[in-house]
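Enquirer: What follows is a structure written as structure tokens; I'll ask about it next.
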Amino acid sequence: MAKFERKGKKTMAAISTASLPDVVFMLLFFFMVSTKFQDTEKKVEVKLPEASESTKLERRDLTSVIYIGTPIASYQSKHGTDARIQLNDSFKTITDIRDFVANERENMSEVDRQFMTISIKADQNARMGIITDIKQELRRCSALKVMYAARRTAPAE
């Protein structure tokens with residue numbers, strides 16, 4: 001039997017990179033579509049007070065936020081410079097908190113309703129009277145899990 005020999009060395013074909021931009025843009029598009037951005041537009045200025053000890057939330061999806069602070073410059077002509085309450089994307093009064101809590105509970109699953117937490121993000125210069133009024137209204141509508149947002153104090157050296 002005759003044996004066939006090749007005269008040249010075998011070379012691997014080059015990998016085509018023509019489809020690489022398509023793959024990159026597909027991944028980019030996927031992450032743009034699946035990423036959840038901040039859904040509430042802040043209409044009040046909030047500089048959080050400092051805290052020496054804090055804990056991180058386990059599940060942010062169970063948290064509803066109440067912002068308390070002075071309106072940003074574009075809203076000051078209409079709403080003044082006193083501390084205001086922002087629920088979702090609008091300015092509200094203390095009497096609207098009950099409807100806010102009821103609506104937030106309705107949007108949660110039946111199992112998660114017992115774990116609902118209200119986060120109060122209040123400006124460090126906000127009067128304690130408005131925060132006390134909010135806490136009283138939260139008690140009336142049985143929202144007893146309340147958390148105060150704060151920024152961490154820089155560690156002492």
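For the structure tokens, the naming scheme is as follows: chains receive sequential letters (A, B, ...) according to their order of presentation, residues are indexed from 1 within each chain, and ligands are indexed from 1 in presentation order.
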Listing only residues of range 12-56 of chain A within 12 Å of range 123-130 of chain A, what is the closest atom pair and its distance in Å (to one decimal) for each, using only C-alpha atoms, sorted by chain and residue number ascending, as JSON lines?

Expert:
```
{"residue": "A:Val44", "atom": "CA", "partner": "A:Asp123", "partner_atom": "CA", "distance": 9.0}
{"residue": "A:Glu45", "atom": "CA", "partner": "A:Asp123", "partner_atom": "CA", "distance": 7.2}
{"residue": "A:Val46", "atom": "CA", "partner": "A:Asp123", "partner_atom": "CA", "distance": 4.4}
{"residue": "A:Lys47", "atom": "CA", "partner": "A:Asp123", "partner_atom": "CA", "distance": 4.9}
{"residue": "A:Leu48", "atom": "CA", "partner": "A:Asp123", "partner_atom": "CA", "distance": 5.3}
{"residue": "A:Pro49", "atom": "CA", "partner": "A:Gln124", "partner_atom": "CA", "distance": 4.7}
{"residue": "A:Glu50", "atom": "CA", "partner": "A:Gln124", "partner_atom": "CA", "distance": 8.4}
{"residue": "A:Ala51", "atom": "CA", "partner": "A:Gln124", "partner_atom": "CA", "distance": 11.1}
```

Enquirer: Store the residues picked out above in a file with N, CA and C atoms, as a compact mmCIF listing (two decimals), in the first residue's frame.

Expert:
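Final output, out-v6.txt:
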```txt
# COMPACT_ATOMS: atom_id res chain seq x y z
N VAL A 44 -36.87 66.58 46.47
CA VAL A 44 -36.43 67.27 47.68
C VAL A 44 -34.94 67.01 47.88
N GLU A 45 -34.29 67.97 48.51
CA GLU A 45 -32.88 67.82 48.83
C GLU A 45 -32.77 67.10 50.17
N VAL A 46 -32.02 66.03 50.19
CA VAL A 46 -31.86 65.25 51.41
C VAL A 46 -30.38 65.01 51.65
N LYS A 47 -29.87 65.59 52.73
CA LYS A 47 -28.51 65.28 53.19
C LYS A 47 -28.71 64.45 54.45
N LEU A 48 -28.41 63.17 54.34
CA LEU A 48 -28.68 62.25 55.42
C LEU A 48 -27.80 62.54 56.63
N PRO A 49 -28.33 62.36 57.84
CA PRO A 49 -27.51 62.53 59.03
C PRO A 49 -26.50 61.40 59.14
N GLU A 50 -25.48 61.60 59.96
CA GLU A 50 -24.45 60.59 60.15
C GLU A 50 -24.87 59.61 61.24
N ALA A 51 -24.43 58.38 61.09
CA ALA A 51 -24.69 57.34 62.09
C ALA A 51 -23.41 56.58 62.36
```

Enquirer: Please compute the CA of Tyr67 in chain A-CA of Gln114 in chain A distance, one decimal, in Å.

Expert: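 So the answer is 22.2 Å.
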
Enquirer: Range 10-73 of chain A near range 115-121 of chain A within 6 Å: what's each residue's closest atom pair and its distance in Å to one decimal, counting only C-alpha atoms, ordered by chain then ascending residue number, as CSV?

Expert:
```
residue,atom,partner,partner_atom,distance
A:Leu62,CA,A:Met116,CA,5.0
A:Thr63,CA,A:Thr117,CA,4.8
A:Ser64,CA,A:Ile118,CA,5.0
A:Val65,CA,A:Ser119,CA,4.7
A:Ile66,CA,A:Ile120,CA,5.0
A:Tyr67,CA,A:Lys121,CA,4.9
```

Enquirer: Residues of chain A classed as strand (DSSP E) by DSSP on the backbone are to be reported as a ChimeraX atom specification.

Expert: /A:44-45,50-51,63-71,84-87,90-92,117-122,146-148,151-152

Enquirer: Contacts of Ala73 in chain A at 12 Å or less, counting only C-alpha atoms, minus same-chain residues fewer than 5 places along, as a list in words?

Expert: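 Counting only the stated atoms, we get Lys42, Lys43, Val44, Glu45, Lys78, His79, Gly80 and Thr81 of chain A.
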